[in-house]
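The next block holds one structure in the form of structure tokens; read it before the comments.
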Amino acid sequence: MHEGTMTKEKRVRITDPQKLALLYERFQEVCLVEKEVWKDVFLPRDISVGPVLTQLHDRYEVEIDDPCVEAILDAAILRGREALGAAINQYRAHLSFWKKTP
């Protein structure tokens, strides 16, 4: 993309309880599929590039406000679905989801 054609994306924080419930579930599923996938999709380290998606979908980011919570979620992935679900539920206050809009 040329510099002149790049658009700046805006982010909107998700606060609707029903949408959050779906996002927590989606986050858990992605974490279980492959840890590196959720790090690349949900926690892009190079924010200038962002995730590369092959299809156009609503794009969300999750922010984890405490590195210890991220480490706990990492460890819970290895213990399976129930452990990860419990960790996500326990640390929901440290997770915020943002929808990216053009």
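Each chain of the structure tokens is named A, B, ... in the order shown, its residues numbered from 1; ligands are numbered from 1 in display order.
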For region 72-75 of chain A, please output as a PyMOL selection string all residues within 7 Å (counting only C-alpha atoms; exclusion window: fewer than 3 positions along the same chain).
chain A and resi 68-69+78+84+87
Give me, as a list in words, all polymer residues having an atom no more than 12 Å from Arg26 (chain A), counting only C-alpha atoms and skipping those fewer than 4 positions away in the same chain.
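Contacts, in chain order: Lys19, Leu20, Ala21, Leu22, Val30, Cys31, Leu32, Val33, Trp38, Val41, Phe42, Tyr60, Glu61, Val62, Gly85, Ile88 and Phe97 of chain A.
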So that I have them on file, write out the residues from the current selection with all heavy atoms, as a CSV table (one decimal), in the first residue's frame.
chain,number,residue,atom,x,y,z
A,19,LYS,N,-21.7,-9.3,23.6
A,19,LYS,CA,-20.5,-9.3,22.7
A,19,LYS,C,-19.3,-9.7,23.4
A,19,LYS,O,-18.5,-10.5,22.9
A,19,LYS,CB,-20.4,-7.9,22.0
A,19,LYS,CG,-19.4,-7.9,21.0
A,19,LYS,CD,-19.8,-8.7,19.8
A,19,LYS,CE,-18.9,-8.5,18.6
A,19,LYS,NZ,-19.2,-9.2,17.4
A,20,LEU,N,-19.1,-9.2,24.6
A,20,LEU,CA,-17.9,-9.6,25.4
A,20,LEU,C,-17.9,-11.1,25.7
A,20,LEU,O,-16.8,-11.7,25.6
A,20,LEU,CB,-17.8,-8.8,26.7
A,20,LEU,CG,-17.3,-7.4,26.6
A,20,LEU,CD1,-17.5,-6.7,28.0
A,20,LEU,CD2,-15.9,-7.4,26.2
A,21,ALA,N,-19.0,-11.7,26.0
A,21,ALA,CA,-19.1,-13.1,26.3
A,21,ALA,C,-18.6,-13.9,25.1
A,21,ALA,O,-17.8,-14.8,25.2
A,21,ALA,CB,-20.5,-13.5,26.7
A,22,LEU,N,-19.0,-13.5,23.9
A,22,LEU,CA,-18.6,-14.1,22.6
A,22,LEU,C,-17.1,-13.9,22.4
A,22,LEU,O,-16.4,-14.9,22.0
A,22,LEU,CB,-19.4,-13.6,21.4
A,22,LEU,CG,-20.9,-13.9,21.4
A,22,LEU,CD1,-21.6,-13.2,20.3
A,22,LEU,CD2,-21.1,-15.4,21.3
A,30,VAL,N,-9.2,-19.5,20.2
A,30,VAL,CA,-8.0,-19.1,19.5
A,30,VAL,C,-6.7,-19.5,20.3
A,30,VAL,O,-5.8,-20.1,19.7
A,30,VAL,CB,-7.9,-17.7,19.1
A,30,VAL,CG1,-6.6,-17.3,18.5
A,30,VAL,CG2,-9.0,-17.4,18.1
A,31,CYS,N,-6.8,-19.3,21.6
A,31,CYS,CA,-5.6,-19.6,22.4
A,31,CYS,C,-5.4,-21.1,22.4
A,31,CYS,O,-4.2,-21.6,22.4
A,31,CYS,CB,-5.9,-19.2,23.9
A,31,CYS,SG,-5.8,-17.4,24.2
A,32,LEU,N,-6.4,-21.9,22.4
A,32,LEU,CA,-6.3,-23.4,22.4
A,32,LEU,C,-5.8,-23.9,21.1
A,32,LEU,O,-5.1,-24.9,21.0
A,32,LEU,CB,-7.6,-24.0,22.8
A,32,LEU,CG,-8.0,-23.8,24.3
A,32,LEU,CD1,-9.4,-24.3,24.5
A,32,LEU,CD2,-7.0,-24.6,25.2
A,33,VAL,N,-6.2,-23.2,20.0
A,33,VAL,CA,-5.7,-23.7,18.7
A,33,VAL,C,-4.2,-23.6,18.6
A,33,VAL,O,-3.6,-24.6,18.3
A,33,VAL,CB,-6.4,-22.8,17.5
A,33,VAL,CG1,-5.8,-23.2,16.2
A,33,VAL,CG2,-7.9,-23.1,17.5
A,38,TRP,N,-2.7,-16.7,18.5
A,38,TRP,CA,-3.4,-15.6,19.3
A,38,TRP,C,-2.4,-14.5,19.5
A,38,TRP,O,-2.8,-13.3,19.6
A,38,TRP,CB,-4.1,-16.1,20.5
A,38,TRP,CG,-3.3,-16.5,21.7
A,38,TRP,CD1,-3.0,-17.8,22.0
A,38,TRP,CD2,-2.8,-15.7,22.8
A,38,TRP,NE1,-2.3,-17.8,23.2
A,38,TRP,CE2,-2.2,-16.5,23.7
A,38,TRP,CE3,-2.8,-14.3,23.0
A,38,TRP,CZ2,-1.6,-16.0,24.8
A,38,TRP,CZ3,-2.2,-13.8,24.2
A,38,TRP,CH2,-1.6,-14.7,25.1
A,41,VAL,N,-2.4,-12.6,16.1
A,41,VAL,CA,-3.7,-12.0,15.8
A,41,VAL,C,-4.2,-11.0,16.9
A,41,VAL,O,-4.6,-9.9,16.6
A,41,VAL,CB,-4.8,-13.1,15.5
A,41,VAL,CG1,-6.1,-12.4,15.3
A,41,VAL,CG2,-4.4,-13.9,14.3
A,42,PHE,N,-4.1,-11.5,18.1
A,42,PHE,CA,-4.7,-10.6,19.2
A,42,PHE,C,-3.7,-9.7,19.8
A,42,PHE,O,-4.0,-8.7,20.4
A,42,PHE,CB,-5.2,-11.5,20.3
A,42,PHE,CG,-6.6,-12.1,20.0
A,42,PHE,CD1,-6.7,-13.5,19.6
A,42,PHE,CD2,-7.7,-11.4,19.9
A,42,PHE,CE1,-7.9,-14.0,19.3
A,42,PHE,CE2,-8.9,-11.9,19.6
A,42,PHE,CZ,-9.0,-13.3,19.3
A,60,TYR,N,-10.7,-7.6,15.9
A,60,TYR,CA,-10.7,-7.2,17.3
A,60,TYR,C,-9.3,-7.4,17.9
A,60,TYR,O,-8.5,-8.2,17.4
A,60,TYR,CB,-11.6,-8.1,18.2
A,60,TYR,CG,-13.1,-7.9,17.8
A,60,TYR,CD1,-13.6,-8.7,16.8
A,60,TYR,CD2,-13.9,-6.9,18.4
A,60,TYR,CE1,-15.0,-8.6,16.4
A,60,TYR,CE2,-15.2,-6.8,18.0
A,60,TYR,CZ,-15.7,-7.6,17.0
A,60,TYR,OH,-17.0,-7.4,16.7
A,61,GLU,N,-8.9,-6.6,18.8
A,61,GLU,CA,-7.7,-6.7,19.5
A,61,GLU,C,-8.0,-6.9,21.0
A,61,GLU,O,-9.1,-6.4,21.5
A,61,GLU,CB,-6.8,-5.5,19.4
A,61,GLU,CG,-6.2,-5.3,18.0
A,61,GLU,CD,-5.3,-4.1,17.9
A,61,GLU,OE1,-5.3,-3.3,18.9
A,61,GLU,OE2,-4.6,-4.0,16.9
A,62,VAL,N,-7.2,-7.6,21.7
A,62,VAL,CA,-7.4,-7.7,23.1
A,62,VAL,C,-6.1,-7.1,23.8
A,62,VAL,O,-5.0,-7.3,23.3
A,62,VAL,CB,-7.5,-9.2,23.6
A,62,VAL,CG1,-6.3,-10.1,23.3
A,62,VAL,CG2,-7.9,-9.2,25.1
A,85,GLY,N,-10.3,-21.5,30.4
A,85,GLY,CA,-11.6,-20.8,30.6
A,85,GLY,C,-11.6,-20.2,32.0
A,85,GLY,O,-12.1,-19.1,32.2
A,88,ILE,N,-9.3,-17.1,32.2
A,88,ILE,CA,-9.9,-16.0,31.5
A,88,ILE,C,-11.0,-15.4,32.3
A,88,ILE,O,-11.1,-14.2,32.5
A,88,ILE,CB,-10.5,-16.4,30.1
A,88,ILE,CG1,-9.3,-16.7,29.1
A,88,ILE,CG2,-11.4,-15.3,29.5
A,88,ILE,CD1,-9.7,-17.3,27.8
A,97,PHE,N,-11.3,-5.7,25.1
A,97,PHE,CA,-11.4,-6.0,23.7
A,97,PHE,C,-11.7,-4.7,22.9
A,97,PHE,O,-12.5,-3.9,23.4
A,97,PHE,CB,-12.5,-7.0,23.4
A,97,PHE,CG,-12.1,-8.4,23.9
A,97,PHE,CD1,-12.5,-8.8,25.1
A,97,PHE,CD2,-11.4,-9.2,23.0
A,97,PHE,CE1,-12.2,-10.1,25.6
A,97,PHE,CE2,-11.1,-10.5,23.5
A,97,PHE,CZ,-11.4,-10.9,24.7
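Minimum distance to Lys99 (chain A) across A:Asp16, A:Glu25, A:Asp65, A:Asp58 (counting only C-alpha atoms) occurs at A:Asp58.
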